[in-house]
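The file run.txt comes next; it holds compact mmCIF, C-alpha atoms (C1' of nucleotides).
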# COMPACT_ATOMS: atom_id res chain seq x y z
CA MET A 287 0.00 0.00 0.00
CA ASN A 288 2.97 2.34 -0.47
CA SER A 289 4.42 4.06 -3.55
CA THR A 290 2.31 5.96 -6.09
CA ALA A 291 -1.22 5.76 -7.49
CA ARG A 292 -2.69 2.37 -6.67
CA SER A 293 -6.15 2.13 -8.16
CA GLU A 294 -8.74 1.58 -5.46
CA SER A 295 -11.76 1.10 -7.71
CA VAL A 296 -12.81 0.88 -11.34
CA SER A 297 -12.55 4.56 -12.11
CA ALA A 298 -9.39 5.53 -10.26
CA GLY A 299 -7.29 8.41 -11.46
CA SER A 300 -4.99 10.48 -9.28
CA GLY A 301 -6.28 9.21 -5.92
CA THR A 302 -7.38 12.32 -4.09
CA LYS A 303 -8.95 13.79 -7.20
CA THR A 304 -11.33 10.88 -7.72
CA ALA A 305 -12.00 10.71 -3.99
CA ILE A 306 -13.19 14.31 -4.20
CA ARG A 307 -15.39 13.48 -7.17
CA ASP A 308 -16.97 10.49 -5.44
CA ALA A 309 -17.67 12.42 -2.25
CA ALA A 310 -19.12 15.30 -4.24
CA VAL A 311 -21.50 13.02 -6.16
CA LYS A 312 -22.86 11.62 -2.93
CA LEU A 313 -23.30 15.03 -1.30
CA PHE A 314 -24.67 16.80 -4.37
CA ASP A 315 -27.24 14.05 -4.76
CA ALA A 316 -28.32 14.23 -1.13
CA LYS A 317 -28.30 17.99 -0.56
CA GLY A 318 -28.26 19.55 -4.02
CA PHE A 319 -25.39 21.25 -5.82
CA GLU A 320 -25.81 24.82 -4.56
CA GLN A 321 -26.74 23.73 -1.07
CA THR A 322 -23.55 21.69 -0.69
CA SER A 323 -20.51 23.69 0.39
CA LEU A 324 -17.00 22.79 -0.66
CA ARG A 325 -16.10 22.61 3.01
CA GLU A 326 -18.49 19.66 3.37
CA VAL A 327 -16.93 17.94 0.38
CA ALA A 328 -13.43 18.55 1.71
CA ASP A 329 -14.40 17.25 5.16
CA ALA A 330 -15.84 14.07 3.64
CA VAL A 331 -12.55 13.43 1.84
CA GLY A 332 -10.44 14.36 4.83
CA ILE A 333 -8.66 17.40 3.36
CA THR A 334 -9.20 21.13 3.55
CA LYS A 335 -11.07 23.40 1.19
CA ALA A 336 -7.84 24.95 -0.08
CA SER A 337 -6.48 21.54 -1.02
CA LEU A 338 -9.65 20.84 -2.97
CA TYR A 339 -9.02 23.94 -5.04
CA TYR A 340 -5.66 22.52 -6.03
CA HIS A 341 -7.42 19.65 -7.84
CA TYR A 342 -10.46 21.56 -9.17
CA PRO A 343 -10.12 25.25 -10.07
CA SER A 344 -13.73 26.02 -9.13
CA LYS A 345 -16.91 24.48 -7.80
CA LEU A 346 -18.35 24.54 -11.30
CA ASP A 347 -15.38 22.57 -12.64
CA LEU A 348 -16.07 19.92 -10.03
CA LEU A 349 -19.68 19.68 -11.18
CA VAL A 350 -18.61 19.48 -14.82
CA ALA A 351 -16.20 16.65 -14.02
CA ILE A 352 -19.14 14.75 -12.55
CA ILE A 353 -21.81 15.18 -15.19
CA ASN A 354 -19.64 15.46 -18.29
CA PRO A 355 -20.33 11.83 -19.30
CA ILE A 356 -24.07 12.60 -19.26
CA ILE A 357 -23.61 15.70 -21.39
CA GLU A 358 -21.48 13.90 -23.95
CA HIS A 359 -24.01 11.10 -24.13
CA MET A 360 -26.86 13.54 -24.70
CA ARG A 361 -24.81 15.23 -27.39
CA ALA A 362 -24.12 11.91 -29.08
CA VAL A 363 -27.78 10.88 -29.13
CA THR A 364 -28.75 14.32 -30.42
CA GLU A 365 -26.30 13.73 -33.25
CA ASP A 366 -27.73 10.27 -33.89
CA ILE A 367 -31.26 11.52 -34.53
CA LYS A 368 -29.95 13.43 -37.55
CA THR A 369 -28.95 10.20 -39.29
CA VAL A 370 -31.39 7.60 -37.98
CA PRO A 371 -34.60 7.60 -40.04
CA PHE A 372 -37.81 8.12 -38.05
CA GLY A 373 -39.95 5.00 -37.71
CA PRO A 374 -40.73 2.16 -35.31
CA GLU A 375 -37.30 0.54 -35.47
CA GLY A 376 -35.50 3.90 -35.57
CA VAL A 377 -37.34 5.02 -32.46
CA ARG A 378 -36.40 1.82 -30.67
CA THR A 379 -32.74 2.27 -31.64
CA ILE A 380 -32.63 5.82 -30.29
CA LEU A 381 -34.49 5.00 -27.09
CA GLN A 382 -32.14 2.06 -26.47
CA ARG A 383 -29.01 4.19 -26.89
CA TYR A 384 -30.52 6.82 -24.65
CA ILE A 385 -31.39 4.51 -21.78
CA ARG A 386 -28.09 2.60 -21.96
CA GLY A 387 -26.13 5.82 -21.56
CA MET A 388 -28.19 6.73 -18.54
CA LEU A 389 -27.71 3.33 -16.97
CA ARG A 390 -23.98 3.69 -17.57
CA ASN A 391 -23.87 6.94 -15.57
CA ARG A 392 -26.67 6.32 -13.15
CA ASP A 393 -25.42 8.37 -10.20
CA ALA A 394 -24.61 11.50 -12.16
CA GLY A 395 -27.91 11.17 -14.01
CA ALA A 396 -29.93 10.94 -10.80
CA LEU A 397 -28.27 14.13 -9.69
CA CYS A 398 -29.35 15.92 -12.88
CA VAL A 399 -32.96 14.81 -12.50
CA ARG A 400 -33.40 15.70 -8.84
CA ASP A 401 -31.56 19.05 -9.05
CA THR A 402 -32.50 20.16 -12.56
CA VAL A 403 -32.86 23.91 -12.10
CA ALA A 404 -29.71 24.49 -10.10
CA ILE A 405 -27.53 22.41 -12.40
CA LEU A 406 -29.01 23.80 -15.60
CA ASN A 407 -28.45 27.37 -14.44
CA ALA A 408 -24.95 26.63 -13.19
CA MET A 409 -23.94 25.09 -16.53
CA ALA A 410 -25.74 27.62 -18.71
CA ASP A 411 -22.67 29.76 -19.35
CA ARG A 412 -20.30 26.93 -20.22
CA TYR A 413 -22.81 24.72 -22.08
CA PRO A 414 -25.42 26.99 -23.66
CA ASP A 415 -26.92 24.21 -25.80
CA LEU A 416 -27.43 21.79 -22.93
CA PHE A 417 -31.09 22.65 -22.63
CA GLU A 418 -31.61 22.07 -26.35
CA PHE A 419 -30.60 18.41 -26.25
CA GLY A 420 -33.69 17.26 -24.39
CA ARG A 421 -35.97 19.43 -26.51
CA GLN A 422 -34.53 18.24 -29.83
CA LEU A 423 -34.84 14.62 -28.77
CA GLY A 424 -38.45 15.21 -27.77
CA ASP A 425 -39.21 16.88 -31.10
CA TRP A 426 -37.73 13.98 -33.05
CA LEU A 427 -39.66 11.41 -30.99
CA ALA A 428 -42.94 13.25 -31.62
CA GLY A 429 -42.44 12.70 -35.33
CA PRO A 430 -42.92 15.08 -38.27
CA ASP A 431 -45.72 17.66 -37.91
CA PRO A 432 -46.81 16.29 -34.53
CA SER A 433 -50.21 16.76 -32.89
CA PRO A 434 -50.39 18.03 -29.29
CA GLU A 435 -51.09 14.46 -28.20
CA GLN A 436 -47.96 13.21 -29.96
CA LYS A 437 -45.88 15.91 -28.27
CA LEU A 438 -47.22 14.88 -24.88
CA ARG A 439 -46.52 11.22 -25.59
CA ALA A 440 -42.96 11.94 -26.71
CA SER A 441 -42.25 13.86 -23.54
CA ALA A 442 -43.87 11.15 -21.44
CA ALA A 443 -41.74 8.46 -23.10
CA LEU A 444 -38.55 10.28 -22.16
CA HIS A 445 -39.79 10.62 -18.60
CA VAL A 446 -40.37 6.88 -18.49
CA LEU A 447 -36.74 6.25 -19.38
CA GLU A 448 -35.61 8.57 -16.60
CA VAL A 449 -36.92 6.01 -14.12
CA ALA A 450 -33.75 4.07 -14.91
CA LEU A 451 -31.84 6.66 -12.90
CA LEU A 452 -33.94 5.99 -9.83
CA SER A 453 -34.10 2.22 -10.31
CA SER A 454 -31.68 1.41 -7.49
CA GLU A 455 -34.15 3.12 -5.18
CA VAL A 456 -37.38 1.89 -6.77
CA ALA A 457 -36.42 -1.71 -7.46
CA PRO A 458 -32.97 -2.61 -6.10
CA GLU A 459 -33.39 -6.27 -7.10
CA ALA A 460 -33.72 -5.47 -10.81
CA ASN A 461 -30.65 -5.96 -12.97
CA GLU A 462 -29.75 -3.71 -15.88
CA ALA A 463 -31.19 -6.03 -18.52
CA LEU A 464 -34.59 -6.09 -16.83
CA ILE A 465 -34.60 -2.33 -16.34
CA GLU A 466 -33.72 -1.73 -19.99
CA THR A 467 -36.31 -4.18 -21.31
CA THR A 468 -39.11 -3.02 -19.05
CA LEU A 469 -38.66 0.72 -19.53
CA LEU A 470 -38.00 0.39 -23.26
CA ASP A 471 -41.24 -1.53 -23.61
CA ALA A 472 -43.11 0.98 -21.48
CA ALA A 473 -41.74 3.93 -23.46
CA THR A 474 -42.64 2.52 -26.87
CA CYS A 475 -46.06 1.70 -25.49
CA VAL A 476 -46.52 5.31 -24.40
CA LEU A 477 -45.49 6.53 -27.83
CA THR A 478 -47.75 4.26 -29.88
CA ALA A 479 -51.03 4.86 -28.02
CA CYS A 480 -51.71 1.20 -27.42
CA GLY A 481 -53.86 1.83 -24.36
CA THR A 482 -57.24 0.57 -23.28
CA ARG A 483 -59.07 3.70 -24.32
CA MET B 33 -60.21 50.92 -7.41
CA ASN B 34 -60.20 52.56 -3.98
CA SER B 35 -61.18 51.24 -0.55
CA THR B 36 -60.12 47.83 0.72
CA ALA B 37 -59.36 44.45 -0.80
CA ARG B 38 -60.61 44.44 -4.38
CA SER B 39 -59.82 41.09 -5.93
CA GLU B 40 -57.56 41.49 -8.93
CA SER B 41 -57.59 37.86 -10.09
CA VAL B 42 -59.01 34.50 -9.14
CA SER B 43 -56.73 33.94 -6.18
CA ALA B 44 -56.50 37.44 -4.75
CA GLY B 45 -56.05 37.94 -1.06
CA SER B 46 -54.50 40.98 0.60
CA GLY B 47 -52.91 42.53 -2.51
CA THR B 48 -49.23 42.75 -1.71
CA LYS B 49 -49.22 39.33 -0.10
CA THR B 50 -50.42 37.56 -3.23
CA ALA B 51 -48.15 39.72 -5.39
CA ILE B 52 -45.23 38.39 -3.35
CA ARG B 53 -46.46 34.84 -3.79
CA ASP B 54 -46.82 35.23 -7.54
CA ALA B 55 -43.39 36.78 -7.96
CA ALA B 56 -41.86 34.07 -5.79
CA VAL B 57 -43.43 31.27 -7.84
CA LYS B 58 -41.96 32.71 -11.01
CA LEU B 59 -38.49 33.22 -9.55
CA PHE B 60 -38.35 29.92 -7.64
CA ASP B 61 -39.31 28.10 -10.83
CA ALA B 62 -36.68 29.88 -12.92
CA LYS B 63 -33.75 29.90 -10.47
CA GLY B 64 -34.61 27.37 -7.78
CA PHE B 65 -35.71 27.98 -4.20
CA GLU B 66 -32.35 28.23 -2.46
CA GLN B 67 -30.76 30.10 -5.31
CA THR B 68 -33.41 32.83 -5.21
CA SER B 69 -32.80 35.55 -2.62
CA LEU B 70 -35.60 37.36 -0.87
CA ARG B 71 -34.10 40.59 -2.18
CA GLU B 72 -34.85 39.45 -5.73
CA VAL B 73 -38.43 38.62 -4.79
CA ALA B 74 -38.87 41.96 -3.06
CA ASP B 75 -37.39 43.81 -6.05
CA ALA B 76 -39.78 42.04 -8.42
CA VAL B 77 -42.73 43.15 -6.31
CA GLY B 78 -41.38 46.66 -5.84
CA ILE B 79 -40.93 46.58 -2.07
CA THR B 80 -37.99 45.98 0.26
CA LYS B 81 -36.88 42.80 1.93
CA ALA B 82 -38.05 44.03 5.34
CA SER B 83 -41.56 44.66 4.02
CA LEU B 84 -41.65 41.14 2.69
CA TYR B 85 -40.97 39.83 6.18
CA TYR B 86 -44.06 41.66 7.37
CA HIS B 87 -46.20 39.40 5.18
CA TYR B 88 -44.27 36.15 5.52
CA PRO B 89 -42.38 35.40 8.75
CA SER B 90 -39.65 33.42 6.95
CA LYS B 91 -38.49 32.27 3.55
CA LEU B 92 -39.74 28.78 4.37
CA ASP B 93 -43.21 30.11 5.14
CA LEU B 94 -43.28 31.73 1.72
CA LEU B 95 -42.42 28.40 0.12
CA VAL B 96 -45.07 26.60 2.16
CA ALA B 97 -47.70 29.13 1.08
CA ILE B 98 -46.85 28.26 -2.52
CA ILE B 99 -46.77 24.49 -2.47
CA ASN B 100 -49.28 23.80 0.29
CA PRO B 101 -52.05 22.93 -2.23
CA ILE B 102 -49.77 20.28 -3.72
CA ILE B 103 -49.00 18.79 -0.33
CA GLU B 104 -52.65 18.65 0.69
CA HIS B 105 -53.52 17.00 -2.61
CA MET B 106 -50.82 14.38 -2.15
CA ARG B 107 -52.05 13.75 1.36
CA ALA B 108 -55.63 13.34 0.11
CA VAL B 109 -54.65 10.85 -2.59
CA THR B 110 -52.51 8.94 -0.09
CA GLU B 111 -55.62 8.68 2.10
CA ASP B 112 -57.71 7.55 -0.89
CA ILE B 113 -55.56 4.52 -1.63
CA LYS B 114 -56.48 3.12 1.78
CA THR B 115 -60.15 2.88 0.81
CA VAL B 116 -60.11 2.35 -2.95
CA PRO B 117 -59.75 -1.37 -3.78
CA PHE B 118 -56.82 -2.25 -6.03
CA GLY B 119 -57.83 -3.22 -9.58
CA PRO B 120 -58.14 -1.80 -13.09
CA GLU B 121 -60.95 0.64 -12.30
CA GLY B 122 -59.49 1.52 -8.88
CA VAL B 123 -56.16 2.32 -10.48
CA ARG B 124 -57.83 4.55 -13.03
CA THR B 125 -59.74 6.37 -10.30
CA ILE B 126 -56.59 7.09 -8.30
CA LEU B 127 -54.56 8.13 -11.33
CA GLN B 128 -57.33 10.49 -12.41
CA ARG B 129 -57.53 12.16 -9.00
CA TYR B 130 -53.76 12.47 -8.97
CA ILE B 131 -53.41 14.12 -12.37
CA ARG B 132 -56.37 16.46 -11.82
CA GLY B 133 -54.80 17.83 -8.66
CA MET B 134 -51.54 18.43 -10.47
CA LEU B 135 -53.29 20.19 -13.33
CA ARG B 136 -55.09 22.36 -10.78
CA ASN B 137 -51.77 23.53 -9.29
CA ARG B 138 -49.56 23.35 -12.33
CA ASP B 139 -47.08 26.11 -11.50
CA ALA B 140 -46.38 24.99 -7.94
CA GLY B 141 -46.09 21.40 -9.16
CA ALA B 142 -43.55 22.27 -11.83
CA LEU B 143 -41.48 23.92 -9.13
CA CYS B 144 -41.49 20.73 -7.02
CA VAL B 145 -40.40 18.56 -9.94
CA ARG B 146 -37.57 20.76 -11.15
CA ASP B 147 -36.19 21.57 -7.70
CA THR B 148 -36.92 18.32 -5.86
CA VAL B 149 -33.89 18.05 -3.59
CA ALA B 150 -33.84 21.64 -2.35
CA ILE B 151 -37.56 21.74 -1.63
CA LEU B 152 -37.66 18.30 -0.02
CA ASN B 153 -34.78 19.19 2.31
CA ALA B 154 -36.25 22.60 3.12
CA MET B 155 -39.62 21.10 4.05
CA ALA B 156 -38.22 18.06 5.85
CA ASP B 157 -38.54 19.55 9.34
CA ARG B 158 -42.10 20.88 8.97
CA TYR B 159 -43.49 18.01 6.84
CA PRO B 160 -41.54 14.86 7.76
CA ASP B 161 -43.94 12.56 5.91
CA LEU B 162 -43.82 14.46 2.63
CA PHE B 163 -41.37 12.03 1.10
CA GLU B 164 -43.58 9.08 2.06
CA PHE B 165 -46.54 10.21 -0.06
CA GLY B 166 -44.87 9.46 -3.38
CA ARG B 167 -43.48 6.18 -2.13
CA GLN B 168 -46.80 4.93 -0.74
CA LEU B 169 -48.59 5.80 -3.95
CA GLY B 170 -45.95 3.93 -5.94
CA ASP B 171 -46.26 0.90 -3.69
CA TRP B 172 -50.04 0.81 -4.07
CA LEU B 173 -49.81 1.15 -7.86
CA ALA B 174 -47.35 -1.73 -8.07
CA GLY B 175 -50.00 -3.98 -6.52
CA PRO B 176 -49.71 -6.62 -3.78
CA ASP B 177 -46.44 -8.58 -3.65
CA PRO B 178 -45.03 -6.80 -6.72
CA SER B 179 -42.25 -8.06 -8.98
CA PRO B 180 -39.31 -5.76 -9.79
CA GLU B 181 -40.90 -5.14 -13.19
CA GLN B 182 -44.17 -4.07 -11.58
CA LYS B 183 -42.30 -1.67 -9.28
CA LEU B 184 -40.56 -0.11 -12.26
CA ARG B 185 -43.83 0.21 -14.17
CA ALA B 186 -45.59 1.83 -11.21
CA SER B 187 -42.83 4.40 -10.87
CA ALA B 188 -42.84 5.01 -14.61
CA ALA B 189 -46.60 5.56 -14.62
CA LEU B 190 -46.28 8.30 -12.01
CA HIS B 191 -43.51 9.91 -14.02
CA VAL B 192 -45.80 9.94 -17.05
CA LEU B 193 -48.41 11.92 -15.11
CA GLU B 194 -45.78 14.44 -14.09
CA VAL B 195 -45.61 15.52 -17.72
CA ALA B 196 -48.87 17.36 -17.01
CA LEU B 197 -46.83 19.88 -15.02
CA LEU B 198 -44.66 20.65 -18.03
CA SER B 199 -47.48 20.57 -20.56
CA SER B 200 -47.62 24.32 -21.08
CA GLU B 201 -44.03 24.07 -22.23
CA VAL B 202 -44.27 20.79 -24.16
CA ALA B 203 -47.62 21.33 -25.89
CA PRO B 204 -49.09 24.79 -25.24
CA GLU B 205 -51.99 24.12 -27.62
CA ALA B 206 -53.31 21.19 -25.60
CA ASN B 207 -56.28 21.85 -23.29
CA GLU B 208 -56.68 20.20 -19.91
CA ALA B 209 -59.08 17.54 -21.15
CA LEU B 210 -56.64 16.37 -23.81
CA ILE B 211 -53.76 16.35 -21.37
CA GLU B 212 -55.72 14.33 -18.84
CA THR B 213 -56.98 11.81 -21.41
CA THR B 214 -53.62 11.36 -23.12
CA LEU B 215 -51.49 10.98 -20.01
CA LEU B 216 -54.05 8.83 -18.22
CA ASP B 217 -54.09 6.49 -21.19
CA ALA B 218 -50.31 6.46 -21.38
CA ALA B 219 -49.95 5.74 -17.67
CA THR B 220 -52.40 2.82 -17.63
CA CYS B 221 -50.65 1.49 -20.70
CA VAL B 222 -47.31 1.61 -18.88
CA LEU B 223 -48.80 -0.23 -15.92
CA THR B 224 -50.45 -3.04 -17.84
CA ALA B 225 -47.52 -4.11 -20.03
CA CYS B 226 -49.42 -3.80 -23.28
CA GLY B 227 -46.27 -3.23 -25.33
CA THR B 228 -45.00 -4.70 -28.58
CA ARG B 229 -42.48 -6.91 -26.86
C1' DG C 99 0.07 18.71 -2.35
C1' DT C 100 -1.69 20.22 1.93
C1' DC C 101 -2.08 23.56 5.26
C1' DT C 102 -3.70 28.31 8.02
C1' DA C 103 -5.52 32.64 7.41
C1' DT C 104 -8.04 35.91 5.02
C1' DA C 105 -10.45 38.85 1.31
C1' DT C 106 -14.84 39.81 -0.41
C1' DA C 107 -19.53 39.27 -0.95
C1' DC C 108 -24.17 37.93 -0.14
C1' DC C 109 -27.54 35.59 2.57
C1' DG C 110 -31.73 35.36 6.05
C1' DA C 111 -33.51 37.79 9.60
C1' DT C 112 -34.23 41.74 13.04
C1' DA C 113 -34.55 46.59 15.16
C1' DG C 114 -36.67 50.61 15.14
C1' DA C 115 -38.15 55.11 12.82
C1' DC C 116 -42.06 56.84 10.25
C1' DG D 29 -47.29 48.64 6.07
C1' DT D 30 -42.99 50.21 4.32
C1' DC D 31 -38.69 51.96 5.05
C1' DT D 32 -33.12 52.32 6.33
C1' DA D 33 -29.54 50.18 8.64
C1' DT D 34 -27.40 46.40 10.54
C1' DC D 35 -26.26 41.85 12.87
C1' DG D 36 -24.44 37.27 12.55
C1' DG D 37 -23.36 33.71 9.65
C1' DT D 38 -21.54 31.33 5.65
C1' DA D 39 -20.14 31.04 0.93
C1' DT D 40 -16.45 30.91 -2.92
C1' DA D 41 -12.05 31.78 -3.82
C1' DT D 42 -7.12 33.28 -2.94
C1' DA D 43 -2.34 34.20 -0.69
C1' DG D 44 1.42 32.36 1.03
C1' DA D 45 4.01 29.22 4.44
C1' DC D 46 5.63 24.49 4.61

Please lay out the structure from this file as structure tokens.
Amino acid sequence: MNSTARSESVSAGSGTKTAIRDAAVKLFDAKGFEQTSLREVADAVGITKASLYYHYPSKLDLLVAIINPIIEHMRAVTEDIKTVPFGPEGVRTILQRYIRGMLRNRDAGALCVRDTVAILNAMADRYPDLFEFGRQLGDWLAGPDPSPEQKLRASAALHVLEVALLSSEVAPEANEALIETTLLDAATCVLTACGTR
Amino acid sequence: MNSTARSESVSAGSGTKTAIRDAAVKLFDAKGFEQTSLREVADAVGITKASLYYHYPSKLDLLVAIINPIIEHMRAVTEDIKTVPFGPEGVRTILQRYIRGMLRNRDAGALCVRDTVAILNAMADRYPDLFEFGRQLGDWLAGPDPSPEQKLRASAALHVLEVALLSSEVAPEANEALIETTLLDAATCVLTACGTR
DNA sequence: GTCTATATACCGATAGAC
DNA sequence: GTCTATCGGTATATAGAC
């Protein structure tokens, strides 16, 4: 346990730096981004606030380091919808890519959902098009020249997939395959108006 | 326009007091509860911070005045599930009551969804059982002795209904009847696994 | 790379005049 | 009922020793 940089988990980097990130994720998720002070994060790691600033130049940079995977995934899916043709199998392809990316970054995603306003406003300067990603995806899902009902269904389908981020709380026994299958089925069902009406 | 207490809108009360509430709803929704200062609210109304404290004894009391209708509605539905028998028509009854209450208080509801963590933590002391309402409703919807898939579907169904709170943004042309019908159909569809799988 | 100490700013809330 | 002025607390971020 001596020498330099032994990896302690899957996503180890420089040691203290990833310890800061992990502690911040936990605290941001529990208390919210703005309501969590860097002193609390530093205390959880066992260092001081000044040392934290050595690894991350600002509180915003710490947040970006956490949710960057989510942003890049949203950007990638938003790019995909420009090439994938709209239709039943195209929709399923997009929805599958979307939910898999969220399952891959579950903790950071849960943070975004439960603290939407604060995070969106904090990132607005650095990522001005972040808000557009969700809207563009919704527009594509609603199809060409959509009715109000289709718009509602598209938005509802995306909200169904967001349950994946809360799945460890809702159904801890479910594995990723079951979550993906169930929510993907539910979302396509929402989109295609297959109800009992 | 002289004398005392002329009602200016549907929910008029003492004049300044409701003006504060309305300004606060708008600002809390745009910036988040904790990130909005009482100085900003006071400025929007055209009074000072000290005058605001004459009408509301604390920032938390202002928040409670805004989202109290939502809380009471959640409490009422949570009471309903103890008497309504579980089954297809019972589920539809509960879901309908749930979505109608959210449509009735759309602005306050949107605030709760987009600023969940901050609001939940702020209200935790005064309303300790607030978090339980959503969980109990999810448990009832999942049915007796639910499988992981049923738990996921119940949670997803509730998330579908939450789209009602964002409907003025997603589909401004849709009236309340269309919103209710569409989302109610989508939610029951999510629950009953009627997909194309 | 981690520390102590501090600069600067804003917050919620209160006191008291009018 | 609205105001000015202020208290006490905490926040982000920085300076500089080690």

Checklist line | Contact residues (chain B, partner chain A, 9 Å, only C-alpha atoms) as an MDAnalysis selection string | finding: chainID B and resid 61:64 66:67 145:150 153 167 170 179:181 183:185 187:196 199 202:206 210:211 213:215 217:229

Note to self: Quick check: residues of chain C within 10 Å of chain B, all atoms listed in the file, returned as a list in words.
What the structure shows: DC108, DC109, DG110, DA111 and DT112 of chain C

Checklist line | 10 Å contact set for range 113-115 of chain C, all atoms listed in the file, chain neighbours under 3 positions out, as a PyMOL selection string | finding: chain D and resi 31-35

So which residues touch range 359-367 of chain A within 8 Å, counting only C-alpha atoms (C1' of nucleotides), skipping near sequence neighbours fewer than 4 positions away, as a tab-separated table (two decimals) with C-alpha atoms, in the coordinates of the input?
chain	number	residue	atom	x	y	z
A	355	PRO	CA	-20.33	11.83	-19.30
A	371	PRO	CA	-34.60	7.60	-40.04
A	380	ILE	CA	-32.63	5.82	-30.29
A	383	ARG	CA	-29.01	4.19	-26.89
A	384	TYR	CA	-30.52	6.82	-24.65
A	387	GLY	CA	-26.13	5.82	-21.56
A	419	PHE	CA	-30.60	18.41	-26.25
A	420	GLY	CA	-33.69	17.26	-24.39
A	422	GLN	CA	-34.53	18.24	-29.83
A	423	LEU	CA	-34.84	14.62	-28.77
A	426	TRP	CA	-37.73	13.98	-33.05

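Between CA of Thr304 in chain A and C1' of DA45 in chain D the separation is 26.8 Å.
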
Next item on the list: Pull out every residue of chain D sitting within 9 Å of chain A, counting only C-alpha atoms (C1' of nucleotides), and send them as a list in words.
Entry: DA39, DT40, DA41 and DT42 of chain D

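For the pair CA of Ala310 in chain A and CA of Ile357 in chain A, the separation is 17.7 Å.
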
Notebook entry, point to check: Between CA of Ala305 in chain A and CA of Val331 in chain A, what is the distance, to one decimal in Å?
Noted result: 6.5 Å

Margin query: With all atoms listed in the file as the counted atoms, please give the residues lying no more than 9 Å from Ile306 in chain A, apart from itself and same-chain residues fewer than 2 positions off, as a VMD selection string.
Written below: chain A and resid 301 to 304 308 to 311 327 to 328 330 to 331 338 341 348
